[in-house]
file run26.cif (mmCIF, C-alpha atoms)
data_structure
loop_
_atom_site.label_atom_id
_atom_site.label_comp_id
_atom_site.auth_asym_id
_atom_site.auth_seq_id
_atom_site.Cartn_x
_atom_site.Cartn_y
_atom_site.Cartn_z
CA MET F 14 127.47 83.41 106.94
CA GLN F 15 127.45 79.77 108.00
CA ARG F 16 126.91 77.17 105.28
CA THR F 17 124.09 75.47 107.18
CA THR F 18 122.11 78.67 107.84
CA MET F 19 122.40 79.57 104.19
CA ASP F 20 121.20 76.09 103.20
CA LEU F 21 118.28 76.47 105.58
CA TRP F 22 117.22 79.81 104.09
CA VAL F 23 117.51 78.56 100.53
CA GLY F 24 115.53 75.43 101.45
CA LEU F 25 112.82 77.61 103.01
CA PHE F 26 112.79 79.81 99.89
CA VAL F 27 112.32 76.83 97.59
CA ILE F 28 109.56 75.38 99.81
CA ILE F 29 107.74 78.73 99.89
CA GLY F 30 108.06 78.99 96.11
CA ILE F 31 106.64 75.50 95.52
CA ALA F 32 103.87 76.20 98.05
CA ALA F 33 103.01 79.39 96.15
CA LEU F 34 102.74 77.41 92.91
CA MET F 35 100.52 74.85 94.67
CA VAL F 36 98.27 77.59 96.07
CA LEU F 37 97.99 79.15 92.61
CA SER F 38 97.00 75.90 90.95
CA LEU F 39 94.70 74.54 93.68
CA LYS F 40 93.15 77.56 95.36
CA VAL F 41 93.19 80.13 92.56
CA GLY F 42 93.00 77.85 89.53
CA ASN F 43 90.92 75.09 91.11
CA LEU F 44 92.76 72.29 89.35
CA ASN F 45 90.94 69.39 91.04
CA VAL F 46 87.32 70.18 90.17
CA TYR F 47 87.22 68.67 86.76
CA ASN F 48 89.56 65.91 85.67
CA PRO F 49 89.35 65.44 81.91
CA SER F 50 91.29 62.16 81.92
CA GLN F 51 88.14 60.08 82.43
CA SER F 52 85.57 61.57 80.15
CA TYR F 53 83.33 60.82 77.22
CA ALA F 54 82.44 63.06 74.32
CA ILE F 55 78.97 63.77 72.98
CA THR F 56 77.90 66.14 70.24
CA GLY F 57 74.86 68.27 69.67
CA ASN F 58 73.59 70.34 66.75
CA PHE F 59 72.46 73.84 67.60
CA GLU F 60 70.68 76.26 65.30
CA ASN F 61 72.44 79.21 66.90
CA ILE F 62 75.13 79.06 69.55
CA GLY F 63 75.14 82.82 70.33
CA GLY F 64 78.34 83.61 72.21
CA LEU F 65 79.22 80.08 73.30
CA LYS F 66 82.96 79.48 73.30
CA VAL F 67 85.29 76.51 73.51
CA ARG F 68 86.08 75.66 77.20
CA ALA F 69 82.66 76.93 78.30
CA PRO F 70 81.17 74.79 81.10
CA VAL F 71 78.53 72.12 80.60
CA LYS F 72 76.20 72.04 83.59
CA GLY F 73 73.60 69.64 84.86
CA ALA F 74 71.29 71.29 87.42
CA GLY F 75 73.89 74.04 87.78
CA VAL F 76 76.76 71.67 88.61
CA VAL F 77 79.71 71.64 86.20
CA VAL F 78 79.81 68.18 84.62
CA GLY F 79 82.02 68.89 81.61
CA ARG F 80 83.41 71.35 79.12
CA VAL F 81 82.79 72.34 75.51
CA THR F 82 85.78 71.03 73.59
CA ASP F 83 85.01 71.91 69.99
CA ILE F 84 82.62 74.02 67.93
CA GLN F 85 82.30 73.41 64.18
CA PHE F 86 80.01 74.67 61.45
CA SER F 87 78.33 71.91 59.43
CA THR F 88 77.79 72.57 55.73
CA GLN F 89 75.34 69.66 55.45
CA THR F 90 72.78 70.89 57.93
CA TYR F 91 73.95 74.54 58.16
CA ASP F 92 74.04 74.55 61.92
CA ALA F 93 76.69 74.43 64.64
CA VAL F 94 78.07 71.08 65.84
CA VAL F 95 79.18 71.43 69.46
CA THR F 96 81.34 68.70 70.98
CA MET F 97 81.18 68.38 74.76
CA SER F 98 83.45 66.33 76.96
CA LEU F 99 81.62 65.07 80.06
CA ASP F 100 83.04 63.54 83.21
CA SER F 101 82.41 59.79 83.05
CA ARG F 102 81.03 59.84 86.61
CA PHE F 103 77.94 61.58 85.20
CA THR F 104 75.82 59.68 82.69
CA PHE F 105 72.75 61.15 81.04
CA PRO F 106 69.75 59.44 79.38
CA LYS F 107 69.50 59.35 75.63
CA ASP F 108 66.68 61.91 75.46
CA THR F 109 68.56 64.55 77.45
CA PHE F 110 67.70 68.11 76.53
CA ALA F 111 70.72 70.40 75.86
CA SER F 112 70.17 74.15 75.82
CA ILE F 113 72.51 77.12 75.67
CA LEU F 114 71.92 79.34 78.69
CA THR F 115 73.46 82.48 80.11
CA SER F 116 74.64 82.83 83.71
CA GLY F 117 73.38 86.14 84.99
CA LEU F 118 72.41 89.08 82.85
CA LEU F 119 75.81 89.68 81.28
CA GLY F 120 77.54 86.45 82.25
CA GLU F 121 79.20 83.79 80.16
CA GLN F 122 77.17 81.27 78.17
CA TYR F 123 77.10 77.59 79.07
CA ILE F 124 75.29 74.44 78.05
CA GLY F 125 72.63 73.23 80.46
CA LEU F 126 71.68 69.54 80.35
CA ALA F 127 68.21 68.52 81.51
CA ALA F 128 67.87 64.75 81.88
CA GLY F 129 65.01 62.94 80.16
CA GLY F 130 63.37 59.65 81.06
CA ASP F 131 65.01 57.23 78.64
CA GLU F 132 66.50 53.99 80.02
CA VAL F 133 69.42 54.01 77.55
CA MET F 134 72.33 56.23 78.53
CA LEU F 135 74.45 58.43 76.25
CA LYS F 136 77.75 56.84 75.24
CA ASP F 137 81.00 58.23 73.86
CA GLY F 138 80.41 59.68 70.38
CA ASP F 139 76.62 59.88 70.75
CA LYS F 140 74.56 62.82 69.64
CA VAL F 141 72.05 64.79 71.68
CA MET F 142 68.90 65.01 69.58
CA LYS F 143 66.96 67.64 71.52
CA THR F 144 68.69 70.99 71.59
CA ASN F 145 67.66 74.53 72.32
CA SER F 146 69.53 77.44 70.76
CA ALA F 147 70.94 80.46 72.50
CA MET F 148 68.67 83.42 72.96
CA VAL F 149 69.63 86.20 70.61
CA LEU F 150 68.41 89.60 71.68
CA GLU F 151 67.59 90.80 68.17
CA GLU F 152 65.44 87.73 67.48
CA LEU F 153 63.60 88.18 70.78
CA ILE F 154 62.84 91.82 70.01
CA GLY F 155 61.85 90.88 66.47
CA ARG F 156 59.43 88.21 67.73
CA PHE F 157 58.01 90.63 70.28
CA LEU F 158 57.37 93.28 67.61
CA PHE F 159 55.86 90.66 65.31
CA ASP F 160 53.49 89.47 68.03
CA LYS F 161 52.50 93.05 68.82
CA ALA F 162 51.75 93.68 65.15
CA ALA F 163 49.70 90.48 64.94
CA GLU F 164 47.73 91.52 68.04
CA ASN F 165 46.90 94.91 66.52
CA ASP F 166 45.79 93.25 63.25
CA SER F 167 43.37 90.91 65.00
CA LEU F 168 41.69 93.76 66.82
CA MET Y 12 128.48 119.28 52.38
CA PRO Y 13 128.66 115.81 50.72
CA ARG Y 14 131.49 115.02 53.13
CA ARG Y 15 129.25 115.59 56.12
CA ILE Y 16 126.55 113.39 54.63
CA VAL Y 17 129.09 110.64 53.97
CA SER Y 18 130.46 110.87 57.49
CA SER Y 19 126.99 110.75 59.06
CA ILE Y 20 126.17 107.65 56.99
CA GLN Y 21 129.47 106.19 58.13
CA ASN Y 22 128.44 106.96 61.69
CA ILE Y 23 125.19 105.03 61.30
CA GLY Y 24 127.01 102.08 59.72
CA HIS Y 25 129.59 102.07 62.49
CA ARG Y 26 126.90 101.95 65.17
CA VAL Y 27 125.00 99.13 63.46
CA ILE Y 28 128.16 97.06 63.05
CA GLU Y 29 129.14 97.78 66.66
CA SER Y 30 125.80 96.70 68.12
CA THR Y 31 125.61 93.60 65.90
CA TRP Y 32 129.11 92.70 67.03
CA ARG Y 33 128.13 93.13 70.65
CA LEU Y 34 125.02 91.00 70.18
CA GLY Y 35 127.16 88.25 68.66
CA VAL Y 36 129.63 88.40 71.54
CA ALA Y 37 126.74 88.22 74.01
CA SER Y 38 125.24 85.16 72.27
CA ARG Y 39 128.60 83.39 72.20
CA PHE Y 40 129.08 84.19 75.88
CA PHE Y 41 125.59 82.81 76.66
CA ILE Y 42 126.38 79.54 74.87
CA LEU Y 43 129.75 79.37 76.65
CA VAL Y 44 127.98 79.76 80.03
CA LEU Y 45 125.56 76.94 79.13
CA LEU Y 46 128.41 74.67 78.02
CA LYS Y 47 130.44 75.31 81.16
CA SER Y 48 127.56 74.99 83.64
CA GLY Y 49 128.32 71.30 84.24
CA THR Y 50 130.68 72.20 87.09
CA SER Y 51 128.15 74.37 88.88
CA LEU Y 52 125.47 71.67 88.60
CA ARG Y 53 127.83 69.06 90.00
CA ARG Y 54 129.06 71.33 92.81
CA PHE Y 55 125.59 72.51 93.67
CA ASN Y 56 126.57 74.36 96.88
CA LEU Y 57 127.98 77.09 94.61
CA VAL Y 58 124.49 77.59 93.20
CA ILE Y 59 122.93 77.41 96.66
CA ARG Y 60 125.15 80.27 97.86
CA GLU Y 61 124.00 82.40 94.91
CA LEU Y 62 120.37 81.33 95.42
CA TYR Y 63 120.63 82.87 98.86
CA PHE Y 64 121.81 86.21 97.47
CA THR Y 65 119.51 86.42 94.45
CA GLY Y 66 116.43 84.54 95.67
CA VAL Y 67 116.13 84.72 99.46
CA LEU Y 68 117.26 88.34 99.76
CA SER Y 69 114.78 89.38 97.02
CA LEU Y 70 111.88 87.84 98.98
CA ILE Y 71 111.11 90.94 101.08
CA ILE Y 72 110.71 93.31 98.13
CA ILE Y 73 108.70 90.73 96.16
CA VAL Y 74 106.34 89.94 99.05
CA VAL Y 75 105.73 93.58 99.99
CA SER Y 76 105.22 94.82 96.44
CA GLY Y 77 103.01 91.84 95.57
CA LEU Y 78 100.80 92.61 98.55
CA PHE Y 79 100.46 96.27 97.64
CA VAL Y 80 99.90 95.65 93.93
CA GLY Y 81 97.11 93.20 94.82
CA MET Y 82 95.56 95.67 97.27
CA VAL Y 83 95.57 98.47 94.69
CA LEU Y 84 94.10 96.15 92.06
CA GLY Y 85 91.35 95.15 94.48
CA LEU Y 86 90.51 98.76 95.31
CA GLN Y 87 90.50 100.01 91.72
CA GLY Y 88 88.68 96.95 90.42
CA TYR Y 89 86.03 97.30 93.11
CA GLU Y 90 85.51 101.00 92.33
CA THR Y 91 84.86 100.25 88.66
CA LEU Y 92 82.99 96.95 88.98
CA GLN Y 93 80.52 98.16 91.62
CA LYS Y 94 79.14 100.64 89.07
CA TYR Y 95 77.86 97.62 87.16
CA GLY Y 96 76.80 95.75 90.27
CA SER Y 97 79.27 92.96 89.66
CA GLU Y 98 81.74 93.63 92.46
CA SER Y 99 81.98 89.90 93.19
CA ALA Y 100 83.94 89.56 89.92
CA VAL Y 101 86.79 91.50 91.55
CA GLY Y 102 88.44 88.20 92.50
CA THR Y 103 88.53 87.19 88.86
CA LEU Y 104 90.00 90.54 87.88
CA VAL Y 105 92.72 90.45 90.53
CA ALA Y 106 93.67 86.80 89.93
CA LEU Y 107 93.70 86.92 86.15
CA SER Y 108 95.69 90.14 85.88
CA LEU Y 109 98.20 88.90 88.45
CA VAL Y 110 98.65 85.36 87.18
CA ARG Y 111 98.79 86.25 83.50
CA GLU Y 112 100.68 89.54 83.45
CA LEU Y 113 101.53 91.46 86.58
CA GLY Y 114 102.98 88.57 88.56
CA PRO Y 115 105.66 87.56 86.05
CA VAL Y 116 106.33 91.06 84.67
CA VAL Y 117 106.49 93.15 87.85
CA ALA Y 118 108.39 90.42 89.70
CA ALA Y 119 110.85 90.29 86.80
CA LEU Y 120 111.29 94.08 86.78
CA LEU Y 121 111.93 94.06 90.53
CA PHE Y 122 114.23 91.08 90.18
CA ALA Y 123 116.22 92.86 87.45
CA SER Y 124 116.77 95.92 89.58
CA ARG Y 125 117.31 94.05 92.83
CA ALA Y 126 119.34 90.99 91.80
CA GLY Y 127 120.42 91.65 88.20
CA SER Y 128 122.20 94.88 89.09
CA ALA Y 129 123.92 93.17 92.03
CA ILE Y 130 125.15 90.34 89.79
CA THR Y 131 126.55 92.81 87.24
CA ALA Y 132 128.24 94.96 89.87
CA GLU Y 133 129.78 91.95 91.60
CA ILE Y 134 131.17 90.35 88.45
CA GLY Y 135 132.27 93.72 87.05
CA LEU Y 136 134.13 94.60 90.24
CA MET Y 137 135.74 91.15 90.34
CA LYS Y 138 136.97 91.85 86.83
CA ALA Y 139 138.13 95.39 87.69
CA THR Y 140 140.13 94.14 90.69
CA GLU Y 141 141.56 91.35 88.49
CA GLN Y 142 140.10 88.54 90.59
CA LEU Y 143 138.84 86.86 87.41
CA ALA Y 144 142.31 87.09 85.83
CA ALA Y 145 143.83 85.64 89.03
CA MET Y 146 141.41 82.70 88.85
CA GLY Y 147 142.45 82.11 85.27
CA MET Y 148 146.10 82.07 86.39
CA MET Y 149 145.25 79.35 88.93
CA ALA Y 150 143.63 77.30 86.14
CA VAL Y 151 140.17 77.90 87.58
CA ASP Y 152 137.74 78.81 84.81
CA PRO Y 153 136.01 82.04 85.93
CA ILE Y 154 132.98 81.32 83.73
CA ALA Y 155 132.41 77.92 85.32
CA ARG Y 156 133.26 79.07 88.85
CA VAL Y 157 131.76 82.60 89.00
CA VAL Y 158 129.36 83.18 86.11
CA ALA Y 159 127.48 79.88 85.69
CA PRO Y 160 126.35 79.51 89.37
CA ARG Y 161 124.95 83.06 89.32
CA PHE Y 162 123.17 82.37 86.05
CA TRP Y 163 121.51 79.17 87.28
CA ALA Y 164 120.58 80.70 90.63
CA GLY Y 165 118.76 83.49 88.81
CA VAL Y 166 117.02 81.11 86.44
CA ILE Y 167 115.83 78.91 89.33
CA SER Y 168 114.66 81.69 91.64
CA MET Y 169 112.71 83.79 89.11
CA PRO Y 170 109.67 81.45 88.66
CA PHE Y 171 109.40 80.99 92.42
CA LEU Y 172 109.52 84.74 93.01
CA ALA Y 173 106.83 85.33 90.36
CA ALA Y 174 104.57 82.69 91.94
CA ILE Y 175 105.08 84.19 95.41
CA PHE Y 176 104.30 87.63 93.97
CA SER Y 177 101.02 86.38 92.46
CA VAL Y 178 99.95 84.62 95.66
CA MET Y 179 100.70 87.69 97.77
CA GLY Y 180 98.80 89.82 95.24
CA VAL Y 181 95.72 87.60 95.41
CA PHE Y 182 95.96 87.70 99.20
CA GLY Y 183 96.22 91.51 99.10
CA GLY Y 184 93.17 91.72 96.87
CA TYR Y 185 91.29 89.38 99.22
CA LEU Y 186 92.32 91.48 102.20
CA VAL Y 187 91.06 94.76 100.72
CA THR Y 188 87.88 93.61 99.01
CA VAL Y 189 86.62 90.83 101.31
CA VAL Y 190 87.97 91.80 104.72
CA PHE Y 191 87.87 95.62 104.51
CA ILE Y 192 85.14 96.40 101.96
CA GLY Y 193 82.98 93.34 102.54
CA VAL Y 194 82.57 91.64 99.17
CA ASP Y 195 81.06 88.18 99.61
CA GLU Y 196 83.87 85.71 100.29
CA GLY Y 197 82.26 82.72 98.59
CA SER Y 198 81.63 84.45 95.28
CA PHE Y 199 85.09 86.07 95.42
CA TRP Y 200 86.77 82.65 95.43
CA SER Y 201 84.29 80.73 93.30
CA GLN Y 202 84.24 83.28 90.46
CA MET Y 203 88.02 83.37 90.56
CA GLN Y 204 88.26 79.59 90.47
CA SER Y 205 85.86 79.21 87.57
CA ALA Y 206 87.64 81.88 85.53
CA VAL Y 207 91.30 80.95 86.14
CA ASP Y 208 92.38 77.96 84.10
CA PHE Y 209 95.40 75.90 85.12
CA ARG Y 210 96.72 75.27 81.64
CA PHE Y 211 96.00 78.63 80.01
CA ASP Y 212 96.64 81.03 82.85
CA ILE Y 213 98.85 79.55 85.54
CA LEU Y 214 101.10 77.41 83.34
CA ASN Y 215 101.55 80.22 80.82
CA GLY Y 216 102.44 82.67 83.59
CA PHE Y 217 104.97 80.17 84.91
CA ILE Y 218 106.52 79.74 81.44
CA LYS Y 219 106.71 83.53 81.09
CA SER Y 220 108.59 83.89 84.36
CA CYS Y 221 111.06 81.17 83.27
CA PHE Y 222 111.79 83.10 80.06
CA PHE Y 223 112.25 86.33 82.05
CA GLY Y 224 114.62 84.61 84.48
CA VAL Y 225 116.86 83.39 81.65
CA ALA Y 226 116.80 86.81 79.93
CA ILE Y 227 117.56 88.87 83.05
CA THR Y 228 120.42 86.77 84.34
CA ALA Y 229 121.94 86.27 80.89
CA ILE Y 230 122.00 90.06 80.42
CA ALA Y 231 123.29 90.64 83.96
CA VAL Y 232 126.20 88.20 83.79
CA PHE Y 233 127.18 89.33 80.29
CA GLU Y 234 127.19 93.03 81.22
CA GLY Y 235 129.27 92.26 84.31
CA TYR Y 236 131.76 90.11 82.41
CA ASP Y 237 131.96 92.62 79.57
CA ALA Y 238 132.27 95.74 81.76
CA PRO Y 239 135.33 97.97 81.27
CA PRO Y 240 137.57 97.39 84.33
CA THR Y 241 137.11 100.87 85.79
CA ALA Y 242 134.79 102.37 88.38
CA GLU Y 243 132.96 104.23 85.60
CA GLY Y 244 132.73 101.09 83.49
CA VAL Y 245 131.15 99.03 86.27
CA SER Y 246 128.59 101.73 87.05
CA GLY Y 247 127.72 102.03 83.35
CA ALA Y 248 127.35 98.27 83.03
CA THR Y 249 125.03 98.13 86.07
CA THR Y 250 122.83 100.84 84.59
CA ARG Y 251 122.77 99.05 81.24
CA THR Y 252 121.72 95.80 82.93
CA VAL Y 253 118.68 97.39 84.54
CA VAL Y 254 117.67 99.36 81.42
CA THR Y 255 118.25 96.56 78.91
CA SER Y 256 116.62 93.83 80.96
CA SER Y 257 113.57 96.00 81.72
CA LEU Y 258 113.10 96.68 78.02
CA VAL Y 259 113.69 93.03 77.13
CA ILE Y 260 111.15 91.91 79.76
CA LEU Y 261 108.45 94.18 78.38
CA GLY Y 262 109.17 93.30 74.74
CA LEU Y 263 109.41 89.58 75.47
CA ASP Y 264 106.17 89.78 77.45
CA PHE Y 265 104.34 91.13 74.43
CA ILE Y 266 105.74 88.42 72.14
CA LEU Y 267 104.96 85.62 74.63
CA THR Y 268 101.46 86.96 75.27
CA ALA Y 269 100.79 87.14 71.54
CA PHE Y 270 101.79 83.49 71.21
CA MET Y 271 100.04 82.22 74.35
CA PHE Y 272 96.72 84.01 74.45
CA ARG Y 273 95.95 84.49 70.78
CA GLY Y 274 92.74 82.67 69.91
CA VAL Y 275 91.98 81.90 73.55
CA SER Y 276 88.71 83.48 74.50
#

call {"tool": "encode", "arguments": {"input": "run26.cif", "output": "structure tokens"}}
result
Amino acid sequence: MQRTTMDLWVGLFVIIGIAALMVLSLKVGNLNVYNPSQSYAITGNFENIGGLKVRAPVKGAGVVVGRVTDIQFSTQTYDAVVTMSLDSRFTFPKDTFASILTSGLLGEQYIGLAAGGDEVMLKDGDKVMKTNSAMVLEELIGRFLFDKAAENDSL
Amino acid sequence: MPRRIVSSIQNIGHRVIESTWRLGVASRFFILVLLKSGTSLRRFNLVIRELYFTGVLSLIIIVVSGLFVGMVLGLQGYETLQKYGSESAVGTLVALSLVRELGPVVAALLFASRAGSAITAEIGLMKATEQLAAMGMMAVDPIARVVAPRFWAGVISMPFLAAIFSVMGVFGGYLVTVVFIGVDEGSFWSQMQSAVDFRFDILNGFIKSCFFGVAITAIAVFEGYDAPPTAEGVSGATTRTVVTSSLVILGLDFILTAFMFRGVS
């Protein structure tokens, strides 16, 4: 076979291979949605994080604005300290409400941020004061049974 | 009776020493190939010629099998997931299983049987017909001229082939579930994109395929170079290439997966 035809085929092969890698990272992996290079970190204390995991999304009004980067257990307050890294394009007021929510019935858990009315914005290293724990099924059922029992007593 | 026991123990010892010896020879040969690959990197058209035979000619089998593997994954995943009403997660299933495991592993198995066996047979036959010895007589180093270009061509083409396999698989899954069955296109792609991570899934799959490329071609060139110079010897070496590299791929895949995905939710 001619040298030039062979070169052409190999060149095509390499281009197709690189294109496949690009498709994988951009179309399948969605590399460009969240760029962690410009971000700021905030923390929040949660009584119970349920099934929240590192790398879970942080959403504001359903839009992904950041990721959970670290989850630690604090022995001072005996609750979970969750560190979130937020895109610096999105700033939130100081009295933002952070709650652990579930997408769908069996979906993954994420942190939902609901903005408050404060004029001061959260900065890098700040702490979210208002948090809402994950819903734990056993606790819900327990509370329901407790309420039922209380109702019956009052009758 | 004790004599038979002694001789059977001797037999075991002989086999262990033999295989250890062979492993040592193979490692020394691998290092020799790496040391002598300077020539093939400087005269890159040698590598390009081999890239054509190992990479371009493997494209057809990789593309077709990737497409069918993706289609089967889509069908089976849909059948199971629709029982739970979450058939839109089929994109996640197809993409994750392809990018993490099936893409690198199945592409490597195909590559070992398609290109690895060809490399072994070619080098073995060159040895049997004394072409390698003739090169040595002309002061041309057969490792630098024949073995190293084939090795580098295999190492370069394997990650590309694995990526093409994964893309074709995702396309096959899309074709079956979205186009034929009618899963919602938007949720197919968006669930896939939110579940597949660049660093943890795509980069790790890429690293896996690089490891497989090195392992397959190292085994293939060694078996070819080490083959007894007879027709029987070459056929035995070709068989050994396919068997050994398939086993090495699967074992290596387990080790790499254990390192990469342990502790990642």

call {"tool": "resolve_selection", "arguments": {"input": "run26.cif", "expression": "the PyMOL selection byres ((chain Y) within 7 of (chain F))", "output": "PyMOL selection string"}}
result
chain Y and resi 59-60+62-63+67+171-172+174-175+178+203-204+207-209+213

call {"tool": "closest_residue", "arguments": {"input": "run26.cif", "among": "Y:Ile16, Y:Ala129, Y:Ile134, Y:Leu263", "to": "Y:Thr250", "atoms": "only C-alpha atoms"}}
result
Y:Ala129

call {"tool": "residues_around", "arguments": {"input": "run26.cif", "residues": "Y:Leu143", "least_positions_apart": "2", "cutoff": "9 Å", "atoms": "only C-alpha atoms", "output": "list in words"}}
result
Ile134, Met137, Lys138, Ala139, Thr140, Glu141, Ala145, Met146, Gly147, Met148, Asp152, Pro153, Ile154 and Val157 of chain Y

call {"tool": "atom_distance", "arguments": {"input": "run26.cif", "atom1": "atom CA of F:Gly63", "atom2": "atom CA of Y:Asp212"}}
result
24.9 Å

call {"tool": "resolve_selection", "arguments": {"input": "run26.cif", "expression": "the PyMOL selection byres ((chain F and resi 133) around 12)", "output": "PyMOL selection string"}}
result
chain F and resi 104-109+128-132+134-136+139

call {"tool": "closest_residue", "arguments": {"input": "run26.cif", "among": "Y:Thr31, Y:Ser205, Y:Ser177, Y:Ser246", "to": "Y:Val80", "atoms": "only C-alpha atoms"}}
result
Y:Ser177
